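Content type PDB, C-alpha atoms, from the file structure.pdb:
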ATOM      1  CA  MET A 298     -99.252 -76.646  -6.499
ATOM      2  CA  LEU A 299    -102.807 -75.585  -7.188
ATOM      3  CA  PHE A 300    -103.893 -72.148  -6.025
ATOM      4  CA  SER A 301    -107.181 -71.852  -4.184
ATOM      5  CA  ASN A 302    -109.278 -68.714  -4.229
ATOM      6  CA  LYS A 303    -109.812 -69.330  -0.525
ATOM      7  CA  LEU A 304    -106.240 -68.133   0.029
ATOM      8  CA  VAL A 305    -107.082 -64.492  -0.560
ATOM      9  CA  ALA A 306    -106.632 -61.670   1.945
ATOM     10  CA  GLN A 307    -107.266 -57.958   1.624
ATOM     11  CA  GLN A 308    -104.578 -56.226  -0.407
ATOM     12  CA  PRO A 309    -102.400 -53.732   1.493
ATOM     13  CA  ALA A 310    -102.735 -49.976   1.242
ATOM     14  CA  TRP A 311     -99.697 -49.676  -1.017
ATOM     15  CA  ASP A 312    -101.372 -51.821  -3.645
ATOM     16  CA  ASP A 313    -104.457 -49.580  -3.752
ATOM     17  CA  THR A 314    -105.660 -49.268  -7.339
ATOM     18  CA  SER A 315    -108.048 -46.337  -6.842
ATOM     19  CA  ARG A 316    -108.218 -43.863  -9.707
ATOM     20  CA  VAL A 317    -108.269 -40.134  -9.184
ATOM     21  CA  SER A 318    -108.414 -36.940 -11.190
ATOM     22  CA  TRP A 319    -104.868 -36.117 -12.213
ATOM     23  CA  GLY A 320    -105.426 -32.369 -12.305
ATOM     24  CA  ALA A 321    -104.391 -29.603 -14.654
ATOM     25  CA  GLY A 322    -101.174 -30.039 -16.571
ATOM     26  CA  MET A 323    -101.204 -33.834 -16.545
ATOM     27  CA  GLU A 324    -101.559 -35.245 -20.052
ATOM     28  CA  LEU A 325    -102.766 -38.711 -20.971
ATOM     29  CA  VAL A 326    -100.385 -39.993 -23.662
ATOM     30  CA  GLU A 327     -99.922 -43.219 -25.607
ATOM     31  CA  ILE A 328     -96.466 -44.711 -26.141
ATOM     32  CA  PRO A 329     -95.913 -47.239 -28.958
ATOM     33  CA  SER A 330     -94.055 -50.315 -27.754
ATOM     34  CA  SER A 331     -90.662 -50.816 -29.371
ATOM     35  CA  VAL A 332     -91.244 -54.584 -29.142
ATOM     36  CA  ASP A 333     -94.778 -55.348 -30.302
ATOM     37  CA  GLY A 334     -96.165 -51.970 -31.383
ATOM     38  CA  THR A 335     -99.001 -51.918 -28.855
ATOM     39  CA  LYS A 336     -99.734 -48.565 -27.235
ATOM     40  CA  GLN A 337     -99.061 -48.238 -23.526
ATOM     41  CA  LYS A 338    -100.748 -45.313 -21.786
ATOM     42  CA  ALA A 339     -99.103 -42.937 -19.319
ATOM     43  CA  PHE A 340     -99.695 -39.688 -17.505
ATOM     44  CA  LEU A 341     -97.100 -37.101 -18.452
ATOM     45  CA  TYR A 342     -96.252 -33.720 -16.968
ATOM     46  CA  ARG A 343     -94.123 -31.220 -18.886
ATOM     47  CA  SER A 344     -92.312 -28.748 -16.678
ATOM     48  CA  LYS A 345     -93.181 -25.115 -17.379
ATOM     49  CA  HIS A 346     -89.565 -24.077 -16.886
ATOM     50  CA  LYS A 347     -87.628 -23.218 -20.011
ATOM     51  CA  ASP A 348     -84.354 -24.684 -18.765
ATOM     52  CA  PRO A 349     -83.759 -28.471 -18.596
ATOM     53  CA  ARG A 350     -85.338 -30.007 -15.508
ATOM     54  CA  PRO A 351     -85.199 -33.441 -13.837
ATOM     55  CA  LEU A 352     -87.438 -36.277 -14.990
ATOM     56  CA  ILE A 353     -89.154 -38.430 -12.365
ATOM     57  CA  VAL A 354     -90.297 -41.825 -13.636
ATOM     58  CA  SER A 355     -92.802 -43.149 -11.089
ATOM     59  CA  LEU A 356     -93.799 -46.814 -11.479
ATOM     60  CA  HIS A 357     -97.173 -48.250 -10.472
ATOM     61  CA  THR A 358     -97.672 -51.033  -7.934
ATOM     62  CA  TRP A 359     -98.343 -54.750  -8.405
ATOM     63  CA  SER A 360    -102.096 -54.484  -9.001
ATOM     64  CA  GLY A 361    -102.112 -50.988 -10.496
ATOM     65  CA  ASN A 362    -101.602 -49.313 -13.843
ATOM     66  CA  TYR A 363    -100.870 -45.852 -15.247
ATOM     67  CA  ALA A 364    -104.089 -44.381 -13.755
ATOM     68  CA  GLN A 365    -103.361 -45.470 -10.183
ATOM     69  CA  LYS A 366    -103.151 -42.735  -7.563
ATOM     70  CA  ASP A 367     -99.562 -41.557  -7.147
ATOM     71  CA  PRO A 368     -98.710 -39.599  -3.970
ATOM     72  CA  LEU A 369     -95.621 -38.131  -5.670
ATOM     73  CA  ALA A 370     -97.457 -36.468  -8.556
ATOM     74  CA  ARG A 371     -98.609 -33.277  -6.847
ATOM     75  CA  GLU A 372     -95.192 -32.651  -5.269
ATOM     76  CA  VAL A 373     -93.398 -33.214  -8.579
ATOM     77  CA  VAL A 374     -95.592 -30.570 -10.221
ATOM     78  CA  ALA A 375     -95.012 -28.134  -7.345
ATOM     79  CA  LEU A 376     -91.261 -28.513  -7.770
ATOM     80  CA  GLY A 377     -91.460 -27.970 -11.515
ATOM     81  CA  TYR A 378     -89.951 -31.329 -12.478
ATOM     82  CA  ASN A 379     -90.920 -33.393 -15.495
ATOM     83  CA  TYR A 380     -92.841 -36.565 -14.721
ATOM     84  CA  ILE A 381     -94.180 -39.733 -16.275
ATOM     85  CA  HIS A 382     -96.359 -42.447 -14.720
ATOM     86  CA  PRO A 383     -96.372 -45.211 -17.328
ATOM     87  CA  ASP A 384     -98.286 -48.393 -17.829
ATOM     88  CA  PHE A 385     -96.136 -51.473 -18.315
ATOM     89  CA  ARG A 386     -98.676 -54.137 -19.230
ATOM     90  CA  GLY A 387    -100.922 -53.300 -16.293
ATOM     91  CA  PRO A 388    -101.432 -55.414 -13.161
ATOM     92  CA  ASN A 389     -99.065 -58.301 -12.505
ATOM     93  CA  ASN A 390    -101.497 -61.107 -13.262
ATOM     94  CA  THR A 391    -100.802 -61.931 -16.920
ATOM     95  CA  PRO A 392     -97.824 -63.449 -18.779
ATOM     96  CA  SER A 393     -97.107 -60.132 -20.533
ATOM     97  CA  ALA A 394     -96.736 -58.382 -17.136
ATOM     98  CA  THR A 395     -94.902 -59.483 -13.942
ATOM     99  CA  GLY A 396     -91.298 -58.852 -14.910
ATOM    100  CA  SER A 397     -91.580 -59.904 -18.545
ATOM    101  CA  LYS A 398     -89.329 -58.579 -21.301
ATOM    102  CA  LEU A 399     -92.276 -56.483 -22.472
ATOM    103  CA  VAL A 400     -92.408 -54.773 -19.070
ATOM    104  CA  ILE A 401     -88.747 -53.823 -19.226
ATOM    105  CA  ALA A 402     -89.104 -52.510 -22.782
ATOM    106  CA  ASP A 403     -92.195 -50.495 -21.809
ATOM    107  CA  ILE A 404     -90.328 -48.774 -18.970
ATOM    108  CA  GLU A 405     -87.441 -47.857 -21.263
ATOM    109  CA  ASP A 406     -89.860 -46.694 -23.963
ATOM    110  CA  ALA A 407     -91.557 -44.429 -21.395
ATOM    111  CA  ILE A 408     -88.250 -42.880 -20.346
ATOM    112  CA  ARG A 409     -87.220 -42.146 -23.919
ATOM    113  CA  PHE A 410     -90.686 -40.790 -24.751
ATOM    114  CA  ALA A 411     -90.611 -38.406 -21.787
ATOM    115  CA  VAL A 412     -87.080 -37.205 -22.572
ATOM    116  CA  ARG A 413     -88.148 -36.530 -26.169
ATOM    117  CA  HIS A 414     -91.421 -34.793 -25.376
ATOM    118  CA  THR A 415     -90.439 -32.636 -22.387
ATOM    119  CA  ARG A 416     -87.539 -30.359 -21.498
ATOM    120  CA  ALA A 417     -86.090 -33.113 -19.358
ATOM    121  CA  ASP A 418     -82.364 -33.206 -18.720
ATOM    122  CA  PRO A 419     -81.364 -36.684 -20.009
ATOM    123  CA  GLY A 420     -78.589 -36.799 -17.420
ATOM    124  CA  ASN A 421     -81.032 -36.179 -14.582
ATOM    125  CA  VAL A 422     -83.516 -39.064 -14.889
ATOM    126  CA  HIS A 423     -84.711 -40.850 -11.743
ATOM    127  CA  ILE A 424     -86.871 -43.963 -11.344
ATOM    128  CA  VAL A 425     -88.897 -44.568  -8.186
ATOM    129  CA  GLY A 426     -91.457 -47.181  -7.154
ATOM    130  CA  VAL A 427     -92.982 -48.907  -4.148
ATOM    131  CA  SER A 428     -94.076 -52.529  -3.662
ATOM    132  CA  GLY A 429     -94.663 -53.917  -7.186
ATOM    133  CA  GLY A 430     -93.286 -50.588  -8.404
ATOM    134  CA  GLY A 431     -90.233 -51.286  -6.272
ATOM    135  CA  MET A 432     -89.821 -54.598  -8.082
ATOM    136  CA  ALA A 433     -90.194 -52.783 -11.417
ATOM    137  CA  THR A 434     -87.512 -50.316 -10.275
ATOM    138  CA  LEU A 435     -85.137 -53.215  -9.586
ATOM    139  CA  LEU A 436     -86.010 -54.761 -12.961
ATOM    140  CA  ALA A 437     -85.149 -51.442 -14.602
ATOM    141  CA  TYR A 438     -81.854 -51.295 -12.697
ATOM    142  CA  MET A 439     -80.909 -54.741 -13.957
ATOM    143  CA  ASN A 440     -82.062 -54.306 -17.553
ATOM    144  CA  VAL A 441     -82.770 -50.792 -18.867
ATOM    145  CA  ARG A 442     -80.063 -49.445 -21.160
ATOM    146  CA  PHE A 443     -80.833 -45.739 -20.702
ATOM    147  CA  PRO A 444     -78.280 -44.065 -18.369
ATOM    148  CA  VAL A 445     -80.677 -43.444 -15.470
ATOM    149  CA  LYS A 446     -79.065 -41.442 -12.668
ATOM    150  CA  SER A 447     -80.850 -43.010  -9.699
ATOM    151  CA  PHE A 448     -83.217 -45.827  -8.800
ATOM    152  CA  SER A 449     -85.249 -45.749  -5.570
ATOM    153  CA  ALA A 450     -86.914 -49.067  -4.727
ATOM    154  CA  TRP A 451     -89.294 -49.016  -1.739
ATOM    155  CA  ALA A 452     -90.519 -52.286  -0.184
ATOM    156  CA  PRO A 453     -89.554 -54.183  -3.344
ATOM    157  CA  ILE A 454     -90.144 -57.779  -4.373
ATOM    158  CA  SER A 455     -86.845 -59.183  -5.668
ATOM    159  CA  ASP A 456     -87.608 -62.923  -5.915
ATOM    160  CA  VAL A 457     -90.895 -63.829  -7.628
ATOM    161  CA  GLU A 458     -90.593 -67.524  -6.736
ATOM    162  CA  ALA A 459     -90.101 -66.745  -3.032
ATOM    163  CA  PHE A 460     -92.968 -64.245  -3.122
ATOM    164  CA  TYR A 461     -95.260 -66.927  -4.539
ATOM    165  CA  TRP A 462     -94.687 -69.253  -1.580
ATOM    166  CA  GLU A 463     -94.789 -66.368   0.903
ATOM    167  CA  SER A 464     -98.135 -65.286  -0.545
ATOM    168  CA  ILE A 465     -99.466 -68.835  -0.227
ATOM    169  CA  GLY A 466     -98.517 -68.811   3.458
ATOM    170  CA  ARG A 467    -100.003 -65.365   4.044
ATOM    171  CA  LYS A 468    -103.195 -66.211   2.134
ATOM    172  CA  GLN A 469    -102.700 -63.279  -0.235
ATOM    173  CA  LYS A 470    -103.996 -62.881  -3.768
ATOM    174  CA  TYR A 471    -100.483 -62.450  -5.167
ATOM    175  CA  ALA A 472     -99.926 -66.207  -5.370
ATOM    176  CA  GLY A 473    -102.773 -66.502  -7.854
ATOM    177  CA  ASP A 474    -101.435 -63.494  -9.791
ATOM    178  CA  ILE A 475     -98.012 -65.114 -10.087
ATOM    179  CA  LEU A 476     -99.467 -68.469 -11.094
ATOM    180  CA  ARG A 477    -101.413 -66.841 -13.937
ATOM    181  CA  SER A 478     -98.280 -64.940 -14.992
ATOM    182  CA  VAL A 479     -95.702 -67.715 -15.118
ATOM    183  CA  SER A 480     -97.653 -70.910 -15.797
ATOM    184  CA  THR A 481     -99.622 -72.206 -18.761
ATOM    185  CA  ASP A 482    -101.450 -74.755 -16.632
ATOM    186  CA  SER A 483    -102.407 -75.061 -12.973
ATOM    187  CA  LEU A 484     -98.875 -76.022 -11.865
ATOM    188  CA  PHE A 485     -96.451 -73.382 -10.619
ATOM    189  CA  ASN A 486     -93.508 -72.809 -12.994
ATOM    190  CA  ALA A 487     -90.656 -71.976 -10.631
ATOM    191  CA  GLU A 488     -88.077 -71.578 -13.415
ATOM    192  CA  GLU A 489     -90.132 -68.905 -15.163
ATOM    193  CA  ALA A 490     -90.721 -67.117 -11.856
ATOM    194  CA  LEU A 491     -86.964 -67.013 -11.265
ATOM    195  CA  ARG A 492     -86.321 -65.649 -14.760
ATOM    196  CA  ARG A 493     -88.617 -62.731 -13.942
ATOM    197  CA  SER A 494     -86.892 -62.029 -10.614
ATOM    198  CA  PRO A 495     -84.448 -59.095 -10.391
ATOM    199  CA  LEU A 496     -82.464 -61.076  -7.822
ATOM    200  CA  ARG A 497     -81.612 -63.725 -10.425
ATOM    201  CA  GLN A 498     -80.860 -61.527 -13.419
ATOM    202  CA  ASP A 499     -77.508 -60.442 -14.829
ATOM    203  CA  PHE A 500     -76.039 -57.387 -13.127
ATOM    204  CA  PRO A 501     -74.893 -54.813 -15.763
ATOM    205  CA  ILE A 502     -72.019 -53.510 -13.643
ATOM    206  CA  ALA A 503     -70.372 -51.331 -16.294
ATOM    207  CA  LEU A 504     -73.693 -49.761 -17.284
ATOM    208  CA  ARG A 505     -74.529 -48.840 -13.675
ATOM    209  CA  LYS A 506     -71.135 -47.505 -12.568
ATOM    210  CA  ASP A 507     -72.486 -43.931 -12.455
ATOM    211  CA  SER A 508     -76.014 -44.786 -11.246
ATOM    212  CA  LYS A 509     -77.203 -44.877  -7.650
ATOM    213  CA  LEU A 510     -79.512 -47.534  -6.238
ATOM    214  CA  PHE A 511     -81.394 -46.888  -3.006
ATOM    215  CA  ILE A 512     -83.310 -49.782  -1.427
ATOM    216  CA  TYR A 513     -85.700 -48.857   1.385
ATOM    217  CA  GLU A 514     -87.726 -51.211   3.552
ATOM    218  CA  GLY A 515     -89.824 -50.904   6.695
ATOM    219  CA  VAL A 516     -88.786 -53.407   9.333
ATOM    220  CA  HIS A 517     -92.376 -54.586   9.964
ATOM    221  CA  ASP A 518     -93.059 -55.477   6.335
ATOM    222  CA  GLY A 519     -93.988 -59.124   5.999
ATOM    223  CA  TYR A 520     -95.827 -58.852   9.316
ATOM    224  CA  THR A 521     -98.014 -55.792   8.731
ATOM    225  CA  GLY A 522     -97.347 -55.778   4.991
ATOM    226  CA  SER A 523     -97.083 -58.195   2.116
ATOM    227  CA  VAL A 524     -93.341 -58.348   1.335
ATOM    228  CA  PRO A 525     -90.819 -59.735   3.856
ATOM    229  CA  ILE A 526     -87.730 -57.584   4.396
ATOM    230  CA  THR A 527     -85.567 -60.454   3.134
ATOM    231  CA  HIS A 528     -86.349 -59.384  -0.454
ATOM    232  CA  ALA A 529     -84.619 -56.031   0.070
ATOM    233  CA  ILE A 530     -81.710 -57.526   2.022
ATOM    234  CA  HIS A 531     -81.025 -60.344  -0.448
ATOM    235  CA  MET A 532     -81.050 -57.907  -3.375
ATOM    236  CA  TYR A 533     -78.579 -55.601  -1.658
ATOM    237  CA  ASN A 534     -76.298 -58.523  -0.736
ATOM    238  CA  ARG A 535     -76.454 -59.994  -4.237
ATOM    239  CA  LEU A 536     -75.355 -56.751  -5.929
ATOM    240  CA  VAL A 537     -72.678 -55.777  -3.412
ATOM    241  CA  GLY A 538     -71.411 -59.356  -3.228
ATOM    242  CA  GLU A 539     -70.967 -59.497  -6.980
ATOM    243  CA  LEU A 540     -69.202 -56.120  -7.016
ATOM    244  CA  LYS A 541     -66.766 -57.224  -4.326
ATOM    245  CA  TYR A 542     -66.234 -60.888  -5.138
ATOM    246  CA  GLY A 543     -67.126 -61.223  -8.817
ATOM    247  CA  SER A 544     -69.706 -63.922  -8.235
ATOM    248  CA  PRO A 545     -73.511 -63.742  -8.596
ATOM    249  CA  SER A 546     -73.885 -66.943  -6.556
ATOM    250  CA  LEU A 547     -76.103 -66.340  -3.542
ATOM    251  CA  SER A 548     -74.472 -69.201  -1.642
ATOM    252  CA  VAL A 549     -70.983 -67.747  -2.218
ATOM    253  CA  ILE A 550     -72.164 -64.301  -1.154
ATOM    254  CA  ARG A 551     -73.836 -65.785   1.929
ATOM    255  CA  GLU A 552     -70.514 -67.305   3.004
ATOM    256  CA  LYS A 553     -68.680 -64.029   2.416
ATOM    257  CA  GLY A 554     -71.283 -62.261   4.534
ATOM    258  CA  ARG A 555     -70.081 -64.063   7.641
ATOM    259  CA  GLY A 556     -67.117 -61.717   7.965
ATOM    260  CA  ASP A 557     -67.822 -58.803   5.628
ATOM    261  CA  ARG A 558     -69.340 -55.726   7.251
ATOM    262  CA  ASP A 559     -70.399 -54.350   3.865
ATOM    263  CA  LEU A 560     -72.890 -57.221   3.616
ATOM    264  CA  VAL A 561     -75.825 -58.122   5.863
ATOM    265  CA  SER A 562     -74.949 -61.327   7.699
ATOM    266  CA  GLU A 563     -77.508 -64.094   8.174
ATOM    267  CA  PRO A 564     -77.577 -63.580  11.996
ATOM    268  CA  ASP A 565     -78.233 -59.852  11.530
ATOM    269  CA  MET A 566     -80.951 -60.556   8.990
ATOM    270  CA  LEU A 567     -82.572 -63.139  11.270
ATOM    271  CA  ASN A 568     -82.493 -60.722  14.201
ATOM    272  CA  LEU A 569     -84.209 -58.018  12.164
ATOM    273  CA  VAL A 570     -86.863 -60.433  10.900
ATOM    274  CA  THR A 571     -87.667 -61.845  14.340
ATOM    275  CA  ARG A 572     -87.151 -58.835  16.616
ATOM    276  CA  ARG A 573     -88.302 -56.143  14.166
ATOM    277  CA  TYR A 574     -85.847 -53.959  16.062
ATOM    278  CA  ASN A 575     -82.096 -53.518  16.338
ATOM    279  CA  PRO A 576     -80.800 -52.655  19.819
ATOM    280  CA  ALA A 577     -77.377 -51.874  18.328
ATOM    281  CA  ALA A 578     -78.751 -49.157  16.022
ATOM    282  CA  ASP A 579     -77.848 -45.518  16.595
ATOM    283  CA  PRO A 580     -81.025 -43.891  18.001
ATOM    284  CA  GLY A 581     -80.035 -40.580  16.445
ATOM    285  CA  GLU A 582     -80.058 -41.934  12.887
ATOM    286  CA  LYS A 583     -83.396 -41.206  11.215
ATOM    287  CA  ILE A 584     -85.020 -41.063   7.797
ATOM    288  CA  ASP A 585     -88.012 -38.761   7.355
ATOM    289  CA  GLY A 586     -88.368 -38.765  11.147
ATOM    290  CA  ARG A 587     -88.273 -42.570  11.440
ATOM    291  CA  ALA A 588     -85.619 -44.584  13.270
ATOM    292  CA  ILE A 589     -83.096 -46.420  11.091
ATOM    293  CA  TYR A 590     -82.373 -49.955  12.322
ATOM    294  CA  LEU A 591     -79.881 -50.895   9.618
ATOM    295  CA  TYR A 592     -78.002 -48.864   7.034
ATOM    296  CA  LYS A 593     -75.514 -50.354   4.601
ATOM    297  CA  ARG A 594     -73.762 -48.744   1.706
ATOM    298  CA  TYR A 595     -71.165 -49.934  -0.748
ATOM    299  CA  GLY A 596     -70.241 -47.755  -3.695
ATOM    300  CA  ASN A 597     -73.439 -46.424  -5.243
ATOM    301  CA  ILE A 598     -75.710 -49.044  -3.651
ATOM    302  CA  SER A 599     -77.405 -48.565  -0.288
ATOM    303  CA  LEU A 600     -79.925 -50.348   1.920
ATOM    304  CA  THR A 601     -82.007 -48.657   4.615
ATOM    305  CA  ILE A 602     -84.216 -50.621   7.031
ATOM    306  CA  PHE A 603     -86.393 -48.179   8.964
ATOM    307  CA  GLU A 604     -89.209 -48.077  11.510
ATOM    308  CA  GLY A 605     -92.184 -48.696   9.262
ATOM    309  CA  GLY A 606     -94.079 -51.231   7.227
ATOM    310  CA  HIS A 607     -94.926 -51.818   3.596
ATOM    311  CA  GLU A 608     -94.698 -48.221   2.461
ATOM    312  CA  GLN A 609     -92.955 -45.375   0.737
ATOM    313  CA  LEU A 610     -92.261 -42.548   3.170
ATOM    314  CA  PRO A 611     -93.860 -39.119   2.553
ATOM    315  CA  GLY A 612     -90.427 -37.568   2.039
ATOM    316  CA  ALA A 613     -89.440 -40.026  -0.701
ATOM    317  CA  LEU A 614     -89.102 -37.377  -3.392
ATOM    318  CA  ALA A 615     -86.732 -35.303  -1.266
ATOM    319  CA  LEU A 616     -84.444 -38.352  -0.912
ATOM    320  CA  ILE A 617     -83.927 -38.644  -4.664
ATOM    321  CA  PRO A 618     -80.538 -37.115  -5.623
ATOM    322  CA  VAL A 619     -81.951 -34.622  -8.094
ATOM    323  CA  GLU A 620     -79.596 -32.004  -9.496
ATOM    324  CA  LYS A 621     -81.456 -28.750  -8.929
TER     325      LYS A 621
END
What would you get if you wrote out this structure as structure tokens?
Amino acid sequence: MLFSNKLVAQQPAWDDTSRVSWGAGMELVEIPSSVDGTKQKAFLYRSKHKDPRPLIVSLHTWSGNYAQKDPLAREVVALGYNYIHPDFRGPNNTPSATGSKLVIADIEDAIRFAVRHTRADPGNVHIVGVSGGGMATLLAYMNVRFPVKSFSAWAPISDVEAFYWESIGRKQKYAGDILRSVSTDSLFNAEEALRRSPLRQDFPIALRKDSKLFIYEGVHDGYTGSVPITHAIHMYNRLVGELKYGSPSLSVIREKGRGDRDLVSEPDMLNLVTRRYNPAADPGEKIDGRAIYLYKRYGNISLTIFEGGHEQLPGALALIPVEK
């Protein structure tokens, strides 16, 4: 299908690419790629504490890069953590970006660079991202070899092929970005889009046995935001389904979800998508002051659907399981 420039809407707030002054203590560094030798830039903060401190790896959004404004940066500095905000081939509108193998290598290179060049505790490394950064967080979870302690994916894209068609329907620029990323001509390459999708990649179960994955999504996303909540739900179901039943097949997991309370059933998912509310939810359960409409957890994997849209909540850093 051809993409028309007429199908372009204003990008959401969480894909804002504005650049700001990063303030004292933030260093602009260059990290040589372990794959092709190119230098990827990043902003790095070295904790002033002499003892080992946590490392926060904050990943930029779909249209951003290393210089994009990051709401977490100031709080990380105040807490005295180490921090890196890396580039990984820039905005998701080229073949080298958008979930490519280069992207995954760049993220791992950034982690290892930060551990080497700060007093970071290598057992206390945490990745966090929202929107396109949420997708990058899921890509890291599925591929990075470094023993990251936790991954926090906010409003993530998990299926690039689905997001292409959703963006066509919503008249958003992301369809054109995906087309330029996965196709060598004007026709959409669905197979390549699926290869770049965390949802469809191999789950390194043994590697992640001691890592935690938190998936967060506002229930109004897809209506007031750009990414339907189905991306978060399908990713949670895929991982938990494979842990429980040994199969990565989405159709098998869907069938198991009919009677498994650890999974999100199709009726429950449909109700959340259409109602944007859950009358069965406990009104006392909240996250950062927001109502929780659905919470699922199995092992070290959790899913939280909250009252909100396409966003990362202000208290996101406090939710990361950092060892103080």
What does the distance from CA of Pro368 (chain A) to CA of Gly320 (chain A) come to in Å, to one decimal?
12.9 Å
Check which residues satisfy the PyMOL selection byres ((chain A and resi 396-401) around 9) in the file shown, then give them as a ChimeraX atom specification.
/A:330,332-333,384-386,389,392-395,402-406,432-433,436-437,440-441,457,490,492-495
Write the selection just made, keeping C-alpha atoms, as a PDB file, in the frame of the given file?
ATOM      1  CA  SER A 330     -94.055 -50.315 -27.754  1.00  0.00           C
ATOM      2  CA  VAL A 332     -91.244 -54.584 -29.142  1.00  0.00           C
ATOM      3  CA  ASP A 333     -94.778 -55.348 -30.302  1.00  0.00           C
ATOM      4  CA  ASP A 384     -98.286 -48.393 -17.829  1.00  0.00           C
ATOM      5  CA  PHE A 385     -96.136 -51.473 -18.315  1.00  0.00           C
ATOM      6  CA  ARG A 386     -98.676 -54.137 -19.230  1.00  0.00           C
ATOM      7  CA  ASN A 389     -99.065 -58.301 -12.505  1.00  0.00           C
ATOM      8  CA  PRO A 392     -97.824 -63.449 -18.779  1.00  0.00           C
ATOM      9  CA  SER A 393     -97.107 -60.132 -20.533  1.00  0.00           C
ATOM     10  CA  ALA A 394     -96.736 -58.382 -17.136  1.00  0.00           C
ATOM     11  CA  THR A 395     -94.902 -59.483 -13.942  1.00  0.00           C
ATOM     12  CA  ALA A 402     -89.104 -52.510 -22.782  1.00  0.00           C
ATOM     13  CA  ASP A 403     -92.195 -50.495 -21.809  1.00  0.00           C
ATOM     14  CA  ILE A 404     -90.328 -48.774 -18.970  1.00  0.00           C
ATOM     15  CA  GLU A 405     -87.441 -47.857 -21.263  1.00  0.00           C
ATOM     16  CA  ASP A 406     -89.860 -46.694 -23.963  1.00  0.00           C
ATOM     17  CA  MET A 432     -89.821 -54.598  -8.082  1.00  0.00           C
ATOM     18  CA  ALA A 433     -90.194 -52.783 -11.417  1.00  0.00           C
ATOM     19  CA  LEU A 436     -86.010 -54.761 -12.961  1.00  0.00           C
ATOM     20  CA  ALA A 437     -85.149 -51.442 -14.602  1.00  0.00           C
ATOM     21  CA  ASN A 440     -82.062 -54.306 -17.553  1.00  0.00           C
ATOM     22  CA  VAL A 441     -82.770 -50.792 -18.867  1.00  0.00           C
ATOM     23  CA  VAL A 457     -90.895 -63.829  -7.628  1.00  0.00           C
ATOM     24  CA  ALA A 490     -90.721 -67.117 -11.856  1.00  0.00           C
ATOM     25  CA  ARG A 492     -86.321 -65.649 -14.760  1.00  0.00           C
ATOM     26  CA  ARG A 493     -88.617 -62.731 -13.942  1.00  0.00           C
ATOM     27  CA  SER A 494     -86.892 -62.029 -10.614  1.00  0.00           C
ATOM     28  CA  PRO A 495     -84.448 -59.095 -10.391  1.00  0.00           C
TER      29      PRO A 495
END
Expansion of the PyMOL selection byres ((chain A and resi 512) around 7) into residues, as a ChimeraX atom specification:
/A:449-451,510-511,513-514,529,599-601
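Using all atoms listed in the file, the shortest contact distance between Gln498 (chain A) and any of A:Ala615, A:Ala417, A:Met439, A:Leu569 is found at A:Met439.
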Selection: 10 Å around Gly387 (chain A), all atoms listed in the file, excl. self and same-chain fewer than 4 positions, as a VMD selection string
chain A and resid 337 to 338 357 to 364 383 391 393 to 395 400
Selected residue of minimal separation from Val374 (chain A) among A:Trp319, A:Phe410, A:Tyr590, A:Tyr461, counting only C-alpha atoms
A:Trp319
Expansion of the PyMOL selection byres ((chain A and resi 595) around 9) into residues, as a CSV table (one decimal) with C-alpha atoms, in the frame of the given file:
chain,number,residue,atom,x,y,z
A,537,VAL,CA,-72.7,-55.8,-3.4
A,559,ASP,CA,-70.4,-54.4,3.9
A,560,LEU,CA,-72.9,-57.2,3.6
A,593,LYS,CA,-75.5,-50.4,4.6
A,594,ARG,CA,-73.8,-48.7,1.7
A,596,GLY,CA,-70.2,-47.8,-3.7
A,597,ASN,CA,-73.4,-46.4,-5.2
A,598,ILE,CA,-75.7,-49.0,-3.7
A,599,SER,CA,-77.4,-48.6,-0.3
Shell of 10 Å around Asp507 (chain A), only C-alpha atoms, local chain residues under 4 positions omitted, as a ChimeraX atom specification
/A:444-447,502-503,596-597
Give as an MDAnalysis selection string the set of residues within 10 Å of the point (-95.2, -39.0, 1.8), where distances use the file's coordinates and all atoms listed in the file.
chainID A and resid 368:369 372 585 608:615
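The space separating CA of Pro329 (chain A) from CA of Asp474 (chain A) comes to 25.7 Å.
Across the model, the gap from CA of Glu563 (chain A) to CA of Ser428 (chain A) is 23.4 Å.
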Which residue out of A:Phe443, A:His517, A:Glu539, A:Ile602 has the minimum interatomic distance to Thr571 (chain A) when all atoms listed in the file are used?
A:His517
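Proximity ranking of A:Leu376, A:Ala588, A:Leu484, A:Leu341 relative to Val412 (chain A) places A:Leu341 first, based on only C-alpha atoms.
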Can you pull out every residue within 12 Å of Ser548 (chain A), counting all atoms listed in the file, but drop anything in the same chain fewer than 4 positions away, and send it as a ChimeraX atom specification?
/A:531,534-535,538-539,544,552-555,563
